[in-house]
$ cat coords_8.pdb   # PDB, C-alpha atoms
ATOM      1  CA  MET A   4      95.430 131.129  18.787
ATOM      2  CA  LYS A   5      96.856 133.632  21.224
ATOM      3  CA  ARG A   6      94.692 134.846  24.093
ATOM      4  CA  ARG A   7      94.214 138.563  24.400
ATOM      5  CA  LYS A   8      94.841 140.217  27.746
ATOM      6  CA  HIS A   9      92.209 142.861  28.331
ATOM      7  CA  SER A  10      93.287 146.184  29.761
ATOM      8  CA  SER A  11      91.737 147.530  32.927
ATOM      9  CA  SER A  12      89.932 150.241  30.937
ATOM     10  CA  ASP A  13      88.308 147.551  28.737
ATOM     11  CA  ILE A  14      87.182 145.675  31.828
ATOM     12  CA  TYR A  15      85.886 148.871  33.447
ATOM     13  CA  ALA A  16      83.877 149.712  30.303
ATOM     14  CA  GLU A  17      82.401 146.207  30.284
ATOM     15  CA  ILE A  18      81.450 146.498  33.955
ATOM     16  CA  SER A  19      79.815 149.885  33.334
ATOM     17  CA  SER A  20      77.683 148.704  30.424
ATOM     18  CA  ASN A  21      76.631 145.570  32.308
ATOM     19  CA  LEU A  22      75.721 147.667  35.359
ATOM     20  CA  VAL A  23      73.497 149.933  33.277
ATOM     21  CA  SER A  24      71.616 146.954  31.870
ATOM     22  CA  CYS A  25      71.201 145.444  35.351
ATOM     23  CA  TRP A  26      69.850 148.725  36.766
ATOM     24  CA  ILE A  27      67.365 149.115  33.902
ATOM     25  CA  THR A  28      66.190 145.537  34.373
ATOM     26  CA  ALA A  29      65.881 145.972  38.139
ATOM     27  CA  PHE A  30      63.721 149.085  37.776
ATOM     28  CA  LEU A  31      61.475 147.589  35.090
ATOM     29  CA  MET A  32      61.058 144.250  36.838
ATOM     30  CA  GLY A  33      60.557 145.997  40.192
ATOM     31  CA  PHE A  34      57.557 147.898  38.860
ATOM     32  CA  LEU A  35      56.245 144.790  37.116
ATOM     33  CA  PHE A  36      56.758 142.694  40.244
ATOM     34  CA  LEU A  37      54.949 145.160  42.502
ATOM     35  CA  GLY A  38      52.090 145.566  40.031
ATOM     36  CA  SER A  39      51.603 141.850  39.599
ATOM     37  CA  LEU A  40      51.913 141.317  43.365
ATOM     38  CA  GLY A  41      49.095 143.778  43.984
ATOM     39  CA  SER A  42      47.011 142.226  41.228
ATOM     40  CA  THR A  43      47.593 138.734  42.601
ATOM     41  CA  LEU A  44      46.668 139.788  46.116
ATOM     42  CA  LEU A  45      43.506 141.511  44.948
ATOM     43  CA  GLY A  46      42.441 139.233  42.146
ATOM     44  CA  GLY A  47      43.541 135.743  43.006
ATOM     45  CA  ILE A  48      45.495 133.167  41.054
ATOM     46  CA  GLY A  49      45.984 133.262  37.303
ATOM     47  CA  TYR A  50      48.373 134.724  34.793
ATOM     48  CA  ASP A  51      49.282 137.378  37.344
ATOM     49  CA  THR A  52      50.857 134.723  39.541
ATOM     50  CA  LEU A  53      52.947 133.402  36.671
ATOM     51  CA  LEU A  54      54.012 136.945  35.829
ATOM     52  CA  LEU A  55      54.803 137.537  39.498
ATOM     53  CA  VAL A  56      57.070 134.488  39.669
ATOM     54  CA  PHE A  57      59.003 135.246  36.486
ATOM     55  CA  SER A  58      59.409 138.955  37.215
ATOM     56  CA  GLY A  59      60.580 138.055  40.733
ATOM     57  CA  LEU A  60      63.197 135.671  39.349
ATOM     58  CA  ILE A  61      64.474 138.227  36.836
ATOM     59  CA  LEU A  62      64.505 140.934  39.518
ATOM     60  CA  THR A  63      66.574 138.663  41.765
ATOM     61  CA  GLN A  64      69.113 138.044  38.989
ATOM     62  CA  ALA A  65      69.346 141.777  38.259
ATOM     63  CA  ILE A  66      70.048 142.525  41.914
ATOM     64  CA  ARG A  67      72.675 139.756  41.994
ATOM     65  CA  GLY A  68      74.309 141.301  38.934
ATOM     66  CA  ILE A  69      74.353 144.774  40.480
ATOM     67  CA  VAL A  70      75.962 143.514  43.693
ATOM     68  CA  LYS A  71      78.557 141.396  41.862
ATOM     69  CA  LEU A  72      79.495 144.077  39.332
ATOM     70  CA  ARG A  73      79.786 146.802  41.962
ATOM     71  CA  SER A  74      82.139 144.629  44.003
ATOM     72  CA  LEU A  75      84.192 143.873  40.881
ATOM     73  CA  ARG A  76      84.374 147.597  40.108
ATOM     74  CA  GLN A  77      85.646 148.305  43.624
ATOM     75  CA  GLN A  78      88.241 145.538  43.300
ATOM     76  CA  LEU A  79      89.321 146.934  39.945
ATOM     77  CA  ARG A  80      89.796 150.394  41.434
ATOM     78  CA  ALA A  81      91.819 149.000  44.349
ATOM     79  CA  ALA A  82      94.023 146.649  42.316
ATOM     80  CA  PRO A  83      93.688 146.835  38.512
ATOM     81  CA  ASP A  84      95.256 143.404  37.901
ATOM     82  CA  SER A  85      92.952 141.586  40.330
ATOM     83  CA  VAL A  86      89.881 141.448  38.043
ATOM     84  CA  ARG A  87      89.751 139.368  34.873
ATOM     85  CA  MET A  88      87.306 139.709  32.012
ATOM     86  CA  SER A  89      85.986 136.209  32.758
ATOM     87  CA  ASP A  90      84.920 137.431  36.216
ATOM     88  CA  VAL A  91      82.910 140.221  34.614
ATOM     89  CA  LEU A  92      81.343 137.922  32.036
ATOM     90  CA  ALA A  93      80.355 135.427  34.758
ATOM     91  CA  ALA A  94      78.143 138.025  36.478
ATOM     92  CA  PRO A  95      74.465 138.198  35.446
ATOM     93  CA  SER A  96      74.008 140.561  32.520
ATOM     94  CA  PHE A  97      71.021 141.717  30.491
ATOM     95  CA  ARG A  98      72.931 143.481  27.748
ATOM     96  CA  GLY A  99      71.516 141.198  25.076
ATOM     97  CA  ILE A 100      68.014 142.361  25.909
ATOM     98  CA  TYR A 101      68.906 146.046  25.735
ATOM     99  CA  ALA A 102      70.928 146.560  22.571
ATOM    100  CA  PHE A 103      70.730 150.347  22.951
ATOM    101  CA  VAL A 104      72.809 150.326  26.165
ATOM    102  CA  ARG A 105      76.035 149.749  24.308
TER     103      ARG A 105
END

$ encode --input "coords_8.pdb" --output "structure tokens"
Amino acid sequence: MKRRKHSSSDIYAEISSNLVSCWITAFLMGFLFLGSLGSTLLGGIGYDTLLLVFSGLILTQAIRGIVKLRSLRQQLRAAPDSVRMSDVLAAPSFRGIYAFVR
């Protein structure tokens, strides 16, 4: 089976769709994180704490994805052959959660 070499426009489109999903996740989890943080501080320990931990972890991954994908996009603009599709796919992505992004 022959491997397909992706063009720079394919890679750029993949980066763009992954960035959109990371931004949506960051905004949603940011609001959820802040709400559950306030509820935990005011109400004590319970399900809010569990929600706080998981939303914080997802928020962290979304921010990691945004930083990684933006740096890959800058590298792609500077030198189109320097970024591979495997680099883009290795970055955190939430596209599976948001099917409407694509």

$ residues_around --input "coords_8.pdb" --residues "region 48-56 of chain A" --least-positions-apart "5" --cutoff "7 Å" --atoms "all atoms listed in the file" --output "ChimeraX atom specification"
/A:36,39-40,42-43

$ closest_residue --input "coords_8.pdb" --among "A:Ser89, A:Ala16, A:Ser11, A:Ala65" --to "Ala29 (chain A)" --atoms "all atoms listed in the file"
A:Ala65

$ closest_residue --input "coords_8.pdb" --among "A:Ser20, A:Ser12, A:Arg7, A:Ser58" --to "Val86 (chain A)" --atoms "all atoms listed in the file"
A:Ser12

$ residues_around --input "coords_8.pdb" --residues "His9 (chain A)" --least-positions-apart "6" --cutoff "12 Å" --atoms "only C-alpha atoms" --output "PDB file with C-alpha atoms, in the coordinates of the input"
ATOM      1  CA  TYR A  15      85.886 148.871  33.447  1.00  0.00           C
ATOM      2  CA  ALA A  16      83.877 149.712  30.303  1.00  0.00           C
ATOM      3  CA  GLU A  17      82.401 146.207  30.284  1.00  0.00           C
ATOM      4  CA  PRO A  83      93.688 146.835  38.512  1.00  0.00           C
ATOM      5  CA  ASP A  84      95.256 143.404  37.901  1.00  0.00           C
ATOM      6  CA  VAL A  86      89.881 141.448  38.043  1.00  0.00           C
ATOM      7  CA  ARG A  87      89.751 139.368  34.873  1.00  0.00           C
ATOM      8  CA  MET A  88      87.306 139.709  32.012  1.00  0.00           C
ATOM      9  CA  SER A  89      85.986 136.209  32.758  1.00  0.00           C
ATOM     10  CA  VAL A  91      82.910 140.221  34.614  1.00  0.00           C
TER      11      VAL A  91
END

$ axis_aligned_box --input "coords_8.pdb" --around "region 76-88 of chain A" --padding-each-side "4 Å" --output "AutoDock Vina command-line options"
--center_x 89.8 --center_y 144.9 --center_z 38.2 --size_x 18.9 --size_y 19.0 --size_z 20.3

$ resolve_selection --input "coords_8.pdb" --expression "the PyMOL selection byres ((chain A and resi 74) around 12)" --output "MDAnalysis selection string"
chainID A and resid 15 18 22 67:73 75:81 85:86 90:91 94

$ resolve_selection --input "coords_8.pdb" --expression "the PyMOL selection byres ((chain A and resi 23) around 10)" --output "ChimeraX atom specification"
/A:18-22,24-29,69,96-98,101,104-105

$ atom_distance --input "coords_8.pdb" --atom1 "CA of Ile66 (chain A)" --atom2 "CA of Gly41 (chain A)"
21.1 Å

$ atom_distance --input "coords_8.pdb" --atom1 "CA of Pro95 (chain A)" --atom2 "CA of Gln64 (chain A)"
6.4 Å

$ atom_distance --input "coords_8.pdb" --atom1 "CA of Ile14 (chain A)" --atom2 "CA of Ala93 (chain A)"
12.7 Å

$ closest_residue --input "coords_8.pdb" --among "A:Gly47, A:Phe57, A:Lys8, A:Leu62" --to "Phe34 (chain A)" --atoms "all atoms listed in the file"
A:Leu62

$ decode --input "coords_8.pdb" --residues "region 52-101 of chain A" --atoms "N, CA and C atoms" --output "PDB file, in the first residue's frame"
ATOM      1  N   THR A  52     -16.647  19.177  42.886  1.00  0.00           N
ATOM      2  CA  THR A  52     -15.202  18.993  42.879  1.00  0.00           C
ATOM      3  C   THR A  52     -14.784  18.045  41.763  1.00  0.00           C
ATOM      4  N   LEU A  53     -15.540  16.986  41.573  1.00  0.00           N
ATOM      5  CA  LEU A  53     -15.256  16.055  40.489  1.00  0.00           C
ATOM      6  C   LEU A  53     -15.408  16.738  39.136  1.00  0.00           C
ATOM      7  N   LEU A  54     -16.452  17.533  39.001  1.00  0.00           N
ATOM      8  CA  LEU A  54     -16.669  18.299  37.776  1.00  0.00           C
ATOM      9  C   LEU A  54     -15.552  19.315  37.566  1.00  0.00           C
ATOM     10  N   LEU A  55     -15.096  19.922  38.644  1.00  0.00           N
ATOM     11  CA  LEU A  55     -14.002  20.884  38.580  1.00  0.00           C
ATOM     12  C   LEU A  55     -12.725  20.220  38.076  1.00  0.00           C
ATOM     13  N   VAL A  56     -12.416  19.054  38.573  1.00  0.00           N
ATOM     14  CA  VAL A  56     -11.194  18.352  38.168  1.00  0.00           C
ATOM     15  C   VAL A  56     -11.248  17.972  36.695  1.00  0.00           C
ATOM     16  N   PHE A  57     -12.348  17.349  36.267  1.00  0.00           N
ATOM     17  CA  PHE A  57     -12.438  16.904  34.882  1.00  0.00           C
ATOM     18  C   PHE A  57     -12.515  18.073  33.896  1.00  0.00           C
ATOM     19  N   SER A  58     -13.236  19.115  34.237  1.00  0.00           N
ATOM     20  CA  SER A  58     -13.286  20.270  33.332  1.00  0.00           C
ATOM     21  C   SER A  58     -11.927  20.964  33.281  1.00  0.00           C
ATOM     22  N   GLY A  59     -11.201  20.971  34.389  1.00  0.00           N
ATOM     23  CA  GLY A  59      -9.849  21.539  34.398  1.00  0.00           C
ATOM     24  C   GLY A  59      -8.891  20.747  33.526  1.00  0.00           C
ATOM     25  N   LEU A  60      -9.002  19.425  33.566  1.00  0.00           N
ATOM     26  CA  LEU A  60      -8.140  18.587  32.722  1.00  0.00           C
ATOM     27  C   LEU A  60      -8.453  18.778  31.237  1.00  0.00           C
ATOM     28  N   ILE A  61      -9.726  18.834  30.891  1.00  0.00           N
ATOM     29  CA  ILE A  61     -10.110  19.032  29.496  1.00  0.00           C
ATOM     30  C   ILE A  61      -9.713  20.428  29.028  1.00  0.00           C
ATOM     31  N   LEU A  62      -9.876  21.423  29.884  1.00  0.00           N
ATOM     32  CA  LEU A  62      -9.466  22.787  29.554  1.00  0.00           C
ATOM     33  C   LEU A  62      -7.962  22.853  29.291  1.00  0.00           C
ATOM     34  N   THR A  63      -7.186  22.168  30.104  1.00  0.00           N
ATOM     35  CA  THR A  63      -5.736  22.128  29.915  1.00  0.00           C
ATOM     36  C   THR A  63      -5.366  21.508  28.575  1.00  0.00           C
ATOM     37  N   GLN A  64      -6.025  20.406  28.205  1.00  0.00           N
ATOM     38  CA  GLN A  64      -5.749  19.768  26.920  1.00  0.00           C
ATOM     39  C   GLN A  64      -6.150  20.668  25.752  1.00  0.00           C
ATOM     40  N   ALA A  65      -7.246  21.390  25.894  1.00  0.00           N
ATOM     41  CA  ALA A  65      -7.682  22.302  24.830  1.00  0.00           C
ATOM     42  C   ALA A  65      -6.670  23.428  24.641  1.00  0.00           C
ATOM     43  N   ILE A  66      -6.149  23.952  25.728  1.00  0.00           N
ATOM     44  CA  ILE A  66      -5.145  25.011  25.632  1.00  0.00           C
ATOM     45  C   ILE A  66      -3.859  24.467  25.016  1.00  0.00           C
ATOM     46  N   ARG A  67      -3.464  23.250  25.396  1.00  0.00           N
ATOM     47  CA  ARG A  67      -2.295  22.619  24.778  1.00  0.00           C
ATOM     48  C   ARG A  67      -2.485  22.469  23.276  1.00  0.00           C
ATOM     49  N   GLY A  68      -3.686  22.059  22.869  1.00  0.00           N
ATOM     50  CA  GLY A  68      -3.977  21.900  21.450  1.00  0.00           C
ATOM     51  C   GLY A  68      -3.908  23.208  20.699  1.00  0.00           C
ATOM     52  N   ILE A  69      -4.441  24.277  21.297  1.00  0.00           N
ATOM     53  CA  ILE A  69      -4.405  25.593  20.655  1.00  0.00           C
ATOM     54  C   ILE A  69      -2.967  26.047  20.459  1.00  0.00           C
ATOM     55  N   VAL A  70      -2.147  25.913  21.480  1.00  0.00           N
ATOM     56  CA  VAL A  70      -0.748  26.355  21.392  1.00  0.00           C
ATOM     57  C   VAL A  70       0.004  25.541  20.345  1.00  0.00           C
ATOM     58  N   LYS A  71      -0.168  24.225  20.362  1.00  0.00           N
ATOM     59  CA  LYS A  71       0.538  23.352  19.416  1.00  0.00           C
ATOM     60  C   LYS A  71       0.095  23.614  17.977  1.00  0.00           C
ATOM     61  N   LEU A  72      -1.203  23.723  17.750  1.00  0.00           N
ATOM     62  CA  LEU A  72      -1.705  23.915  16.396  1.00  0.00           C
ATOM     63  C   LEU A  72      -1.352  25.288  15.842  1.00  0.00           C
ATOM     64  N   ARG A  73      -1.342  26.301  16.697  1.00  0.00           N
ATOM     65  CA  ARG A  73      -0.944  27.632  16.219  1.00  0.00           C
ATOM     66  C   ARG A  73       0.525  27.652  15.832  1.00  0.00           C
ATOM     67  N   SER A  74       1.362  26.958  16.597  1.00  0.00           N
ATOM     68  CA  SER A  74       2.784  26.904  16.222  1.00  0.00           C
ATOM     69  C   SER A  74       2.984  26.106  14.944  1.00  0.00           C
ATOM     70  N   LEU A  75       2.212  25.024  14.760  1.00  0.00           N
ATOM     71  CA  LEU A  75       2.299  24.271  13.509  1.00  0.00           C
ATOM     72  C   LEU A  75       1.828  25.101  12.323  1.00  0.00           C
ATOM     73  N   ARG A  76       0.796  25.914  12.520  1.00  0.00           N
ATOM     74  CA  ARG A  76       0.311  26.777  11.442  1.00  0.00           C
ATOM     75  C   ARG A  76       1.360  27.813  11.058  1.00  0.00           C
ATOM     76  N   GLN A  77       2.056  28.370  12.052  1.00  0.00           N
ATOM     77  CA  GLN A  77       3.123  29.322  11.751  1.00  0.00           C
ATOM     78  C   GLN A  77       4.281  28.651  11.023  1.00  0.00           C
ATOM     79  N   GLN A  78       4.627  27.428  11.430  1.00  0.00           N
ATOM     80  CA  GLN A  78       5.684  26.695  10.737  1.00  0.00           C
ATOM     81  C   GLN A  78       5.282  26.384   9.302  1.00  0.00           C
ATOM     82  N   LEU A  79       4.019  26.044   9.111  1.00  0.00           N
ATOM     83  CA  LEU A  79       3.529  25.728   7.771  1.00  0.00           C
ATOM     84  C   LEU A  79       3.567  26.953   6.866  1.00  0.00           C
ATOM     85  N   ARG A  80       3.262  28.111   7.416  1.00  0.00           N
ATOM     86  CA  ARG A  80       3.334  29.340   6.619  1.00  0.00           C
ATOM     87  C   ARG A  80       4.774  29.699   6.267  1.00  0.00           C
ATOM     88  N   ALA A  81       5.699  29.443   7.192  1.00  0.00           N
ATOM     89  CA  ALA A  81       7.105  29.783   6.951  1.00  0.00           C
ATOM     90  C   ALA A  81       7.752  28.816   5.954  1.00  0.00           C
ATOM     91  N   ALA A  82       7.525  27.521   6.167  1.00  0.00           N
ATOM     92  CA  ALA A  82       8.116  26.507   5.288  1.00  0.00           C
ATOM     93  C   ALA A  82       7.090  25.394   5.088  1.00  0.00           C
ATOM     94  N   PRO A  83       6.406  25.372   3.955  1.00  0.00           N
ATOM     95  CA  PRO A  83       5.309  24.426   3.738  1.00  0.00           C
ATOM     96  C   PRO A  83       5.683  22.945   3.853  1.00  0.00           C
ATOM     97  N   ASP A  84       6.941  22.603   3.599  1.00  0.00           N
ATOM     98  CA  ASP A  84       7.332  21.184   3.677  1.00  0.00           C
ATOM     99  C   ASP A  84       7.785  20.768   5.070  1.00  0.00           C
ATOM    100  N   SER A  85       7.784  21.682   6.028  1.00  0.00           N
ATOM    101  CA  SER A  85       8.299  21.368   7.358  1.00  0.00           C
ATOM    102  C   SER A  85       7.273  20.683   8.259  1.00  0.00           C
ATOM    103  N   VAL A  86       5.996  20.734   7.930  1.00  0.00           N
ATOM    104  CA  VAL A  86       4.952  20.161   8.779  1.00  0.00           C
ATOM    105  C   VAL A  86       4.356  18.949   8.081  1.00  0.00           C
ATOM    106  N   ARG A  87       4.266  17.846   8.833  1.00  0.00           N
ATOM    107  CA  ARG A  87       3.658  16.626   8.312  1.00  0.00           C
ATOM    108  C   ARG A  87       2.273  16.460   8.927  1.00  0.00           C
ATOM    109  N   MET A  88       1.459  15.666   8.273  1.00  0.00           N
ATOM    110  CA  MET A  88       0.110  15.409   8.779  1.00  0.00           C
ATOM    111  C   MET A  88       0.165  14.691  10.128  1.00  0.00           C
ATOM    112  N   SER A  89       1.170  13.868  10.344  1.00  0.00           N
ATOM    113  CA  SER A  89       1.285  13.164  11.630  1.00  0.00           C
ATOM    114  C   SER A  89       1.531  14.137  12.775  1.00  0.00           C
ATOM    115  N   ASP A  90       2.210  15.254  12.496  1.00  0.00           N
ATOM    116  CA  ASP A  90       2.400  16.285  13.527  1.00  0.00           C
ATOM    117  C   ASP A  90       1.065  16.906  13.923  1.00  0.00           C
ATOM    118  N   VAL A  91       0.227  17.139  12.936  1.00  0.00           N
ATOM    119  CA  VAL A  91      -1.088  17.738  13.195  1.00  0.00           C
ATOM    120  C   VAL A  91      -1.973  16.752  13.956  1.00  0.00           C
ATOM    121  N   LEU A  92      -1.933  15.498  13.562  1.00  0.00           N
ATOM    122  CA  LEU A  92      -2.782  14.502  14.217  1.00  0.00           C
ATOM    123  C   LEU A  92      -2.308  14.170  15.630  1.00  0.00           C
ATOM    124  N   ALA A  93      -1.044  14.462  15.939  1.00  0.00           N
ATOM    125  CA  ALA A  93      -0.521  14.205  17.284  1.00  0.00           C
ATOM    126  C   ALA A  93      -0.961  15.268  18.287  1.00  0.00           C
ATOM    127  N   ALA A  94      -1.394  16.420  17.816  1.00  0.00           N
ATOM    128  CA  ALA A  94      -1.849  17.494  18.707  1.00  0.00           C
ATOM    129  C   ALA A  94      -3.226  17.141  19.269  1.00  0.00           C
ATOM    130  N   PRO A  95      -3.539  17.593  20.489  1.00  0.00           N
ATOM    131  CA  PRO A  95      -4.871  17.332  21.046  1.00  0.00           C
ATOM    132  C   PRO A  95      -5.966  17.905  20.152  1.00  0.00           C
ATOM    133  N   SER A  96      -7.001  17.106  19.942  1.00  0.00           N
ATOM    134  CA  SER A  96      -8.100  17.525  19.072  1.00  0.00           C
ATOM    135  C   SER A  96      -9.415  17.052  19.674  1.00  0.00           C
ATOM    136  N   PHE A  97     -10.452  17.831  19.488  1.00  0.00           N
ATOM    137  CA  PHE A  97     -11.775  17.500  20.000  1.00  0.00           C
ATOM    138  C   PHE A  97     -12.785  17.421  18.870  1.00  0.00           C
ATOM    139  N   ARG A  98     -12.302  17.158  17.676  1.00  0.00           N
ATOM    140  CA  ARG A  98     -13.170  17.121  16.508  1.00  0.00           C
ATOM    141  C   ARG A  98     -14.212  16.015  16.601  1.00  0.00           C
ATOM    142  N   GLY A  99     -13.884  14.923  17.222  1.00  0.00           N
ATOM    143  CA  GLY A  99     -14.840  13.828  17.361  1.00  0.00           C
ATOM    144  C   GLY A  99     -16.042  14.204  18.201  1.00  0.00           C
ATOM    145  N   ILE A 100     -15.839  15.108  19.138  1.00  0.00           N
ATOM    146  CA  ILE A 100     -16.938  15.551  19.995  1.00  0.00           C
ATOM    147  C   ILE A 100     -17.870  16.467  19.226  1.00  0.00           C
ATOM    148  N   TYR A 101     -17.290  17.336  18.400  1.00  0.00           N
ATOM    149  CA  TYR A 101     -18.076  18.321  17.662  1.00  0.00           C
ATOM    150  C   TYR A 101     -18.115  17.937  16.189  1.00  0.00           C
TER     151      TYR A 101
END
